[in-house]
Amino acid sequence: MEFTDPIDSSLRANPYKLLIEAATMIPKSHYILGFLMFCVIYLYNFLEFHFLQDLRTGFRGSPVCLTYHSTSQLYHQVVSKCSLLHGRYLATPWLSSPHLQTVLLELIKRPAVPRYRRKLFHASDGGTFALDWLLTADVCGSTMGKDNVISKEDTTPIAVIIPGLTSDSASVYLRHLVIHTAKHGWNVVICNHRGLGGVSITSDCFYNAGWTTDTRDVINYLHHEYPKAPLFAIGTSIGANILVKYLGEDGENVPVSGAAAICCPWDLLIGSRYIVRRLVQKVYDMALAIGLRGYAQTNQPHFSRLADWEGITKSLSIRDFDNHATCHVGNFETVDTYYRLSSSAPFTRFVSVPLLCISSLDDPLCTAEAIPWDECRANKNIVLATTKHGGHLAFFEGITASRLWWVRAVNEFLGVLHSSTFMHVQKKKQFGGRHSASESLIDQGPYVNLADGMLSAIGNEPDTDNIAGETEASSASVVKNNKQDLINNEYKMLDASQSRKASDQFSQQNKKAL
């Protein structure tokens with residue numbers, strides 16, 4: 001009895017032909033379904049979704065991780081009373097991706113832009129930038145403050161906000177912050193960067209990631225104008241880097257009672273390499289470069305004169321823009337030099353103000369690799385709060401994504417701090433300048449000396465012969481600098497109508513220059 005082989009001999013000789021024959025028998029709808037499943041899996045991983053992870057945990061969210069010194073009174077007396085910082089953060093379920101959160105933050109149009117009270121600040125170098133105020137009376141419906149004046153005797157706390165890169169008072173995340181803070185009974189002022197917020201650049205000084213002069217001048221001005229109102233500073237993104245650097249530079253000599261730094265980049269050199277690591281990060285890099293080119297285009301007369309205008313117009317990344325613009329205007333030798341000198345991480349150990357830092361470990365712009373964990377843990381004045389998710393300046397919460405978690409956390413922290421005895425009090429130094437990034441623990445000795453083939457430690461003891469001369473010279477220098485500051489720092493404030501008139505004049509001048 002003979003059995004016939006069901007497989008044709010020609011097909012057996014060519015198995016690939018048999019495979020193709022079988023593949024053609026599969027319905028096309030199955031291929032389409034498989035392709036869609038592949039795309040979903042790819043996008044789920046590419047956009048770093050965590051919906052399934054949240055689903056497995058019953059949408060309980062992840063705990064907020066706190067890093068602080070074990071003997072920190074700031075933690076034990078202030079942060080320990082903040083329920084949000086000891087709770088859990090759950091991202092909005094349909095925004096369970098750091099990229100969706102970050103992108104939506106730029107696309108969403110709520111809340112509406114508040115009716116700010118604008119005043120122009122004139123710096124001693126001739127620069128001009130806008131201070132946009134939102135008083136607590138403006139959001140609480142009170143008749144107080146309608147005359148656009150805050151009394152010198154007013155004790156209402158003032159929150160000074162330093163925006164991020166190319167952001168101004170109209171940015172969505174700042175609207176959340178100022179409205180929420182004002183509703184809690186505080187007056188809020190946004191210190192817009194030079195050339196932003198509709199105010200043209202009027203000097204050859206531009207802001208950058210390490211430019212602390214404007215922040216210092218504004219805070220000193222506010223302290224002088226409203227001496228009884230405690231000042232609290234809040235920095236976001238690049239603004240957080242500027243704030244931390246300012247607090248570290250001036251140490252105890254700052255009139256700030258407390259501060260918060262949100263999504264700080266910390267180390268700009270690490271950040272510049274991180275943002276070009278993956279394709280999705282490169283998209284952010286190009287988007288930010290477009291914003292910087294727009295900033296330069298708005299202030300073309302100055303950039304075309306002081307920087308490489310052709311290079312600016314061709315910039316496709318932040319590094320390109322910094323190479324053709326920031327290095328030229330700021331007199332930095334290289335881009336890496338600018339990043340090293342402008343990073344705030346080296347200044348964290350000099351911070352003397354109660355400081356809350358909030359960062360997300362999945363931040364697509366400011367990598368967790370740059371967070372100075374040990375430095376924050378070593379400083380008793382710093383508490384670092386990190387969440388597993390949140391994106392960049394987003395932290396949406398609730399099913400409708402109508403709130404930002406970090407806004408509530410910051411206001412809770414500053415509120416508890418304001419009612420405590422741990423607010424910072426300025427201590428002016430009689431001698432000595434500001435801290436710099438070049439200061440290192442290594443420089444504090446003891447040093448090592450090599451003599452006669454033997455290693456010996458030598459202390460960094462002062463030269464007693466030169467103390468008297470250096471002290472006398474320092475005293476004269478301080479007196480001279482104080483007089484010069486009084487001469488140069490004559491600040492004039494304009495009301496809202498004058499501000500619009502001034503802005504129109506600047507625009508007309510720019511059109512003529514073009």
# chains A, B, ... in the order shown; residues from 1 in each chain; ligands from 1
$ residues_around --residues "His328 of chain A" --least-positions-apart "2" --cutoff "12 Å" --atoms "only C-alpha atoms" --output "PyMOL selection string"
chain A and resi 204-206+208+302-309+311-312+321-326+330-335+338
$ residues_around --residues "Ser402 of chain A" --least-positions-apart "4" --cutoff "10 Å" --atoms "only C-alpha atoms" --output "list of chain:residue names"
A:Thr92, A:Arg110, A:Pro111, A:His176, A:Phe396, A:Glu397, A:Gly398
$ write_last_selection --atoms "C-alpha atoms" --output "JSON list (two decimals), in the first residue's frame"
[["chain", "number", "residue", "atom", "x", "y", "z"],
["A", 92, "THR", "CA", -3.53, 61.85, 35.37],
["A", 110, "ARG", "CA", -6.27, 77.10, 30.79],
["A", 111, "PRO", "CA", -6.28, 78.84, 33.13],
["A", 176, "HIS", "CA", -1.27, 77.96, 37.55],
["A", 396, "PHE", "CA", -0.75, 66.94, 36.18],
["A", 397, "GLU", "CA", -3.15, 65.36, 38.65],
["A", 398, "GLY", "CA", -6.85, 64.57, 38.75]]
$ residues_around --residues "Met423 of chain A" --least-positions-apart "6" --cutoff "8 Å" --atoms "only C-alpha atoms" --output "number ranges by chain"
A: 257-258, 353-354, 417
$ residues_around --residues "segment 134-137 of chain A" --least-positions-apart "6" --cutoff "6 Å" --atoms "only C-alpha atoms" --output "PyMOL selection string"
chain A and resi 116+182+185-188
$ select_by_dssp --residues "segment 173-312 of chain A" --states "alpha helix (DSSP H)" --output "PDB file with C-alpha atoms, in the first residue's frame"
ATOM      1  CA  TYR A 173       2.473  76.671  34.197  1.00  0.00           C
ATOM      2  CA  LEU A 174       3.132  80.162  35.550  1.00  0.00           C
ATOM      3  CA  ARG A 175      -0.582  80.966  35.335  1.00  0.00           C
ATOM      4  CA  HIS A 176      -1.272  77.960  37.555  1.00  0.00           C
ATOM      5  CA  LEU A 177       1.392  79.096  40.009  1.00  0.00           C
ATOM      6  CA  VAL A 178       0.495  82.783  40.299  1.00  0.00           C
ATOM      7  CA  ILE A 179      -3.269  82.207  40.562  1.00  0.00           C
ATOM      8  CA  HIS A 180      -2.934  79.459  43.165  1.00  0.00           C
ATOM      9  CA  THR A 181      -0.414  81.498  45.197  1.00  0.00           C
ATOM     10  CA  ALA A 182      -2.474  84.690  45.050  1.00  0.00           C
ATOM     11  CA  LYS A 183      -5.590  82.797  46.165  1.00  0.00           C
ATOM     12  CA  THR A 213      22.265  89.929  38.341  1.00  0.00           C
ATOM     13  CA  ASP A 214      18.642  90.718  37.485  1.00  0.00           C
ATOM     14  CA  THR A 215      17.325  88.368  40.152  1.00  0.00           C
ATOM     15  CA  ARG A 216      19.608  89.908  42.746  1.00  0.00           C
ATOM     16  CA  ASP A 217      18.670  93.484  41.771  1.00  0.00           C
ATOM     17  CA  VAL A 218      14.935  92.805  41.782  1.00  0.00           C
ATOM     18  CA  ILE A 219      14.982  91.039  45.144  1.00  0.00           C
ATOM     19  CA  ASN A 220      17.091  93.804  46.696  1.00  0.00           C
ATOM     20  CA  TYR A 221      14.720  96.400  45.250  1.00  0.00           C
ATOM     21  CA  LEU A 222      11.637  94.631  46.581  1.00  0.00           C
ATOM     22  CA  HIS A 223      13.241  94.265  50.000  1.00  0.00           C
ATOM     23  CA  HIS A 224      13.985  97.986  50.023  1.00  0.00           C
ATOM     24  CA  GLU A 225      10.510  98.971  48.846  1.00  0.00           C
ATOM     25  CA  ILE A 238      16.351  77.506  33.925  1.00  0.00           C
ATOM     26  CA  GLY A 239      14.868  79.969  36.409  1.00  0.00           C
ATOM     27  CA  ALA A 240      15.484  77.369  39.135  1.00  0.00           C
ATOM     28  CA  ASN A 241      19.127  77.121  38.045  1.00  0.00           C
ATOM     29  CA  ILE A 242      19.446  80.912  38.240  1.00  0.00           C
ATOM     30  CA  LEU A 243      17.787  80.975  41.669  1.00  0.00           C
ATOM     31  CA  VAL A 244      19.936  78.243  43.224  1.00  0.00           C
ATOM     32  CA  LYS A 245      23.070  79.819  41.785  1.00  0.00           C
ATOM     33  CA  TYR A 246      22.076  83.227  43.192  1.00  0.00           C
ATOM     34  CA  LEU A 247      21.365  81.765  46.636  1.00  0.00           C
ATOM     35  CA  GLY A 248      24.720  79.976  46.584  1.00  0.00           C
ATOM     36  CA  GLU A 249      26.664  82.997  45.369  1.00  0.00           C
ATOM     37  CA  ASP A 250      25.372  85.315  48.094  1.00  0.00           C
ATOM     38  CA  LEU A 268      24.132  72.173  32.196  1.00  0.00           C
ATOM     39  CA  LEU A 269      26.989  70.173  30.696  1.00  0.00           C
ATOM     40  CA  ILE A 270      25.364  66.870  31.602  1.00  0.00           C
ATOM     41  CA  GLY A 271      22.033  68.215  30.405  1.00  0.00           C
ATOM     42  CA  SER A 272      23.453  69.280  27.040  1.00  0.00           C
ATOM     43  CA  ARG A 273      24.609  65.727  26.389  1.00  0.00           C
ATOM     44  CA  TYR A 274      21.446  64.117  27.691  1.00  0.00           C
ATOM     45  CA  LEU A 279      15.454  60.766  19.238  1.00  0.00           C
ATOM     46  CA  VAL A 280      12.659  62.018  21.473  1.00  0.00           C
ATOM     47  CA  GLN A 281      15.084  64.265  23.360  1.00  0.00           C
ATOM     48  CA  LYS A 282      16.357  65.668  20.073  1.00  0.00           C
ATOM     49  CA  VAL A 283      12.814  66.735  19.239  1.00  0.00           C
ATOM     50  CA  TYR A 284      12.731  68.787  22.446  1.00  0.00           C
ATOM     51  CA  ASP A 285      16.142  70.208  21.601  1.00  0.00           C
ATOM     52  CA  MET A 286      14.965  71.398  18.195  1.00  0.00           C
ATOM     53  CA  ALA A 287      11.739  72.824  19.644  1.00  0.00           C
ATOM     54  CA  LEU A 288      13.644  74.837  22.238  1.00  0.00           C
ATOM     55  CA  ALA A 289      16.078  76.010  19.555  1.00  0.00           C
ATOM     56  CA  ILE A 290      13.116  77.329  17.551  1.00  0.00           C
ATOM     57  CA  GLY A 291      12.006  79.279  20.606  1.00  0.00           C
ATOM     58  CA  LEU A 292      15.480  80.719  21.062  1.00  0.00           C
ATOM     59  CA  ARG A 293      15.654  81.720  17.401  1.00  0.00           C
ATOM     60  CA  GLY A 294      12.335  83.487  17.829  1.00  0.00           C
ATOM     61  CA  TYR A 295      13.716  85.290  20.874  1.00  0.00           C
ATOM     62  CA  ALA A 296      16.733  86.384  18.838  1.00  0.00           C
ATOM     63  CA  GLN A 297      14.524  87.445  15.918  1.00  0.00           C
ATOM     64  CA  THR A 298      12.509  89.689  18.245  1.00  0.00           C
ATOM     65  CA  GLN A 300      17.574  91.184  16.018  1.00  0.00           C
ATOM     66  CA  PRO A 301      19.229  94.639  16.134  1.00  0.00           C
ATOM     67  CA  HIS A 302      21.238  93.628  19.196  1.00  0.00           C
ATOM     68  CA  PHE A 303      21.945  90.016  18.242  1.00  0.00           C
ATOM     69  CA  SER A 304      23.033  90.877  14.707  1.00  0.00           C
ATOM     70  CA  ARG A 305      25.504  93.396  16.126  1.00  0.00           C
ATOM     71  CA  LEU A 306      26.868  91.403  19.062  1.00  0.00           C
ATOM     72  CA  TRP A 309      23.536  86.267  13.236  1.00  0.00           C
ATOM     73  CA  GLU A 310      23.970  83.836  10.338  1.00  0.00           C
ATOM     74  CA  GLY A 311      24.832  81.066  12.779  1.00  0.00           C
ATOM     75  CA  ILE A 312      21.842  81.937  14.960  1.00  0.00           C
TER      76      ILE A 312
END
$ residues_around --residues "Gln77 of chain A" --least-positions-apart "2" --cutoff "12 Å" --atoms "only C-alpha atoms" --output "list of chain:residue names"
A:Thr71, A:Ser72, A:Gln73, A:Leu74, A:Tyr75, A:Val79, A:Ser80, A:Lys81, A:Cys82, A:Pro354, A:Asn381, A:Phe413, A:Val416, A:Leu417, A:His418, A:Ser419, A:Ser420, A:Thr421, A:Phe422, A:Met423
$ write_last_selection --atoms "all heavy atoms" --output "short mmCIF file (atom, residue, chain, number, x, y, z; two decimals), in the first residue's frame"
data_model
loop_
_atom_site.label_atom_id
_atom_site.label_comp_id
_atom_site.auth_asym_id
_atom_site.auth_seq_id
_atom_site.Cartn_x
_atom_site.Cartn_y
_atom_site.Cartn_z
N THR A 71 20.03 65.67 60.45
CA THR A 71 19.79 66.61 61.57
C THR A 71 19.16 67.91 61.09
O THR A 71 19.18 68.90 61.82
CB THR A 71 21.11 66.91 62.30
OG1 THR A 71 22.02 67.55 61.38
CG2 THR A 71 21.75 65.64 62.84
N SER A 72 18.62 67.91 59.87
CA SER A 72 18.05 69.14 59.31
C SER A 72 16.79 69.57 60.07
O SER A 72 15.79 68.85 60.11
CB SER A 72 17.70 68.92 57.83
OG SER A 72 16.96 70.01 57.32
N GLN A 73 16.84 70.75 60.67
CA GLN A 73 15.68 71.31 61.35
C GLN A 73 14.62 71.74 60.34
O GLN A 73 13.44 71.78 60.66
CB GLN A 73 16.10 72.50 62.22
CG GLN A 73 16.93 72.11 63.43
CD GLN A 73 16.19 71.16 64.35
OE1 GLN A 73 15.05 71.41 64.73
NE2 GLN A 73 16.83 70.05 64.71
N LEU A 74 15.06 72.07 59.12
CA LEU A 74 14.12 72.42 58.07
C LEU A 74 13.18 71.26 57.81
O LEU A 74 11.96 71.45 57.66
CB LEU A 74 14.86 72.80 56.79
CG LEU A 74 13.99 73.05 55.55
CD1 LEU A 74 13.06 74.24 55.78
CD2 LEU A 74 14.86 73.27 54.31
N TYR A 75 13.73 70.05 57.78
CA TYR A 75 12.87 68.90 57.56
C TYR A 75 12.01 68.62 58.78
O TYR A 75 10.78 68.47 58.67
CB TYR A 75 13.70 67.65 57.23
CG TYR A 75 12.84 66.40 57.21
CD1 TYR A 75 12.04 66.11 56.12
CD2 TYR A 75 12.81 65.55 58.32
CE1 TYR A 75 11.21 65.00 56.12
CE2 TYR A 75 11.98 64.44 58.33
CZ TYR A 75 11.19 64.17 57.23
OH TYR A 75 10.36 63.09 57.24
N VAL A 79 9.15 70.63 56.79
CA VAL A 79 8.75 69.66 55.76
C VAL A 79 7.96 68.51 56.36
O VAL A 79 7.05 67.97 55.70
CB VAL A 79 10.00 69.15 55.01
CG1 VAL A 79 9.62 68.08 54.00
CG2 VAL A 79 10.71 70.31 54.31
N SER A 80 8.27 68.13 57.59
CA SER A 80 7.55 67.02 58.23
C SER A 80 6.06 67.34 58.40
O SER A 80 5.24 66.43 58.58
CB SER A 80 8.16 66.70 59.60
OG SER A 80 8.06 67.83 60.47
N LYS A 81 5.69 68.62 58.33
CA LYS A 81 4.30 69.04 58.47
C LYS A 81 3.60 69.20 57.12
O LYS A 81 2.44 69.60 57.07
CB LYS A 81 4.23 70.35 59.25
CG LYS A 81 4.83 70.27 60.65
CD LYS A 81 4.79 71.62 61.36
CE LYS A 81 5.43 71.53 62.73
NZ LYS A 81 5.44 72.84 63.42
N CYS A 82 4.31 68.92 56.03
CA CYS A 82 3.75 69.07 54.68
C CYS A 82 3.21 67.72 54.22
O CYS A 82 3.98 66.80 53.90
CB CYS A 82 4.81 69.58 53.71
SG CYS A 82 5.46 71.22 54.14
N PRO A 354 16.28 78.36 53.51
CA PRO A 354 15.47 77.15 53.42
C PRO A 354 14.99 76.93 51.98
O PRO A 354 14.27 77.75 51.42
CB PRO A 354 14.30 77.44 54.36
CG PRO A 354 14.84 78.42 55.35
CD PRO A 354 15.80 79.27 54.57
N ASN A 381 20.05 73.10 54.90
CA ASN A 381 19.04 74.06 54.47
C ASN A 381 18.27 73.60 53.24
O ASN A 381 17.42 74.34 52.74
CB ASN A 381 19.70 75.41 54.18
CG ASN A 381 20.39 76.00 55.39
OD1 ASN A 381 19.78 76.14 56.45
ND2 ASN A 381 21.67 76.32 55.25
N PHE A 413 4.51 74.11 51.30
CA PHE A 413 5.82 74.24 51.95
C PHE A 413 6.09 75.68 52.37
O PHE A 413 6.48 75.94 53.52
CB PHE A 413 6.92 73.76 50.99
CG PHE A 413 8.31 74.16 51.41
CD1 PHE A 413 8.96 73.52 52.45
CD2 PHE A 413 8.97 75.20 50.76
CE1 PHE A 413 10.24 73.91 52.85
CE2 PHE A 413 10.25 75.59 51.13
CZ PHE A 413 10.88 74.95 52.18
N VAL A 416 3.83 76.72 55.36
CA VAL A 416 4.30 76.20 56.65
C VAL A 416 5.56 76.93 57.09
O VAL A 416 5.72 77.26 58.26
CB VAL A 416 4.54 74.67 56.56
CG1 VAL A 416 5.15 74.15 57.85
CG2 VAL A 416 3.24 73.94 56.25
N LEU A 417 6.46 77.17 56.14
CA LEU A 417 7.69 77.89 56.46
C LEU A 417 7.40 79.30 56.96
O LEU A 417 8.03 79.77 57.92
CB LEU A 417 8.59 77.94 55.22
CG LEU A 417 9.91 78.70 55.37
CD1 LEU A 417 10.80 78.05 56.42
CD2 LEU A 417 10.64 78.78 54.03
N HIS A 418 6.43 79.96 56.33
CA HIS A 418 6.09 81.33 56.72
C HIS A 418 5.55 81.40 58.14
O HIS A 418 5.77 82.38 58.86
CB HIS A 418 5.07 81.91 55.74
CG HIS A 418 4.62 83.29 56.09
ND1 HIS A 418 3.30 83.61 56.31
CD2 HIS A 418 5.32 84.44 56.28
CE1 HIS A 418 3.20 84.89 56.62
NE2 HIS A 418 4.41 85.42 56.59
N SER A 419 4.85 80.36 58.56
CA SER A 419 4.28 80.34 59.91
C SER A 419 5.23 79.77 60.95
O SER A 419 4.87 79.66 62.13
CB SER A 419 2.98 79.52 59.91
OG SER A 419 3.24 78.18 59.52
N SER A 420 6.45 79.43 60.54
CA SER A 420 7.43 78.86 61.45
C SER A 420 8.47 79.90 61.85
O SER A 420 8.39 81.07 61.46
CB SER A 420 8.13 77.66 60.79
OG SER A 420 9.02 78.10 59.77
N THR A 421 9.43 79.46 62.64
CA THR A 421 10.52 80.33 63.08
C THR A 421 11.79 80.08 62.29
O THR A 421 12.87 80.53 62.69
CB THR A 421 10.81 80.10 64.58
OG1 THR A 421 11.17 78.71 64.78
CG2 THR A 421 9.58 80.43 65.42
N PHE A 422 11.67 79.36 61.16
CA PHE A 422 12.86 78.97 60.41
C PHE A 422 13.06 79.79 59.14
O PHE A 422 13.88 79.43 58.29
CB PHE A 422 12.79 77.48 60.07
CG PHE A 422 12.92 76.60 61.27
CD1 PHE A 422 11.80 76.15 61.94
CD2 PHE A 422 14.17 76.24 61.76
CE1 PHE A 422 11.91 75.35 63.06
CE2 PHE A 422 14.29 75.44 62.87
CZ PHE A 422 13.16 74.99 63.54
N MET A 423 12.31 80.87 58.98
CA MET A 423 12.54 81.74 57.83
C MET A 423 13.93 82.37 57.94
O MET A 423 14.38 82.74 59.02
CB MET A 423 11.47 82.83 57.76
CG MET A 423 10.11 82.35 57.35
SD MET A 423 9.00 83.71 56.94
CE MET A 423 8.91 84.56 58.50
#
$ select_by_dssp --residues "segment 328-392 of chain A" --states "strand (DSSP E)" --output "number ranges by chain"
A: 355-360, 382-387
$ residues_around --residues "Pro98 of chain A" --least-positions-apart "4" --cutoff "12 Å" --atoms "only C-alpha atoms" --output "JSON, numbers by chain"
{"A": [44, 45, 46, 47, 48, 49, 50, 51, 91, 92, 93, 94, 102, 103, 104, 105, 280, 281, 360, 361, 362, 363, 364, 365, 366, 387, 388, 389, 390, 391, 392, 393, 394, 395, 396]}
$ write_last_selection --atoms "C-alpha atoms" --output "compact mmCIF listing (two decimals), in the first residue's frame"
# COMPACT_ATOMS: atom_id res chain seq x y z
CA TYR A 44 4.17 52.79 24.62
CA ASN A 45 7.89 52.25 25.15
CA PHE A 46 9.09 55.18 23.04
CA LEU A 47 6.90 57.67 24.93
CA GLU A 48 7.66 55.95 28.26
CA PHE A 49 4.05 55.27 29.23
CA HIS A 50 3.45 53.89 32.72
CA PHE A 51 -0.31 53.27 32.55
CA ALA A 91 -0.29 61.33 37.25
CA THR A 92 -3.53 61.85 35.37
CA PRO A 93 -4.27 58.34 33.96
CA TRP A 94 -4.72 59.47 30.36
CA THR A 102 5.28 68.04 28.99
CA VAL A 103 3.77 68.63 25.56
CA LEU A 104 0.25 69.18 26.89
CA LEU A 105 1.60 71.81 29.26
CA VAL A 280 12.66 62.02 21.47
CA GLN A 281 15.08 64.26 23.36
CA SER A 360 10.83 64.30 38.42
CA LEU A 361 12.93 61.24 37.68
CA ASP A 362 11.33 60.93 34.23
CA ASP A 363 11.87 64.58 33.28
CA PRO A 364 12.58 64.49 29.51
CA LEU A 365 14.56 67.76 29.60
CA CYS A 366 16.40 67.82 32.93
CA THR A 387 8.84 61.82 42.18
CA LYS A 388 8.94 58.82 39.88
CA HIS A 389 6.77 60.55 37.28
CA GLY A 390 5.72 64.08 36.40
CA GLY A 391 7.50 65.19 33.23
CA HIS A 392 8.97 68.67 32.98
CA LEU A 393 7.10 71.31 35.02
CA ALA A 394 3.87 69.36 34.52
CA PHE A 395 2.89 66.95 37.33
CA PHE A 396 -0.75 66.94 36.18
$ closest_residue --among "A:Thr337, A:Ser171, A:Ser436, A:Ser317" --to "Arg349 of chain A" --atoms "only C-alpha atoms"
A:Ser436
$ closest_residue --among "A:Arg278, A:Ala229, A:Gln101, A:Ala385" --to "Val256 of chain A" --atoms "only C-alpha atoms"
A:Ala229
$ closest_residue --among "A:Ala23, A:Thr386, A:Val276, A:Phe350" --to "Ile318 of chain A" --atoms "only C-alpha atoms"
A:Val276
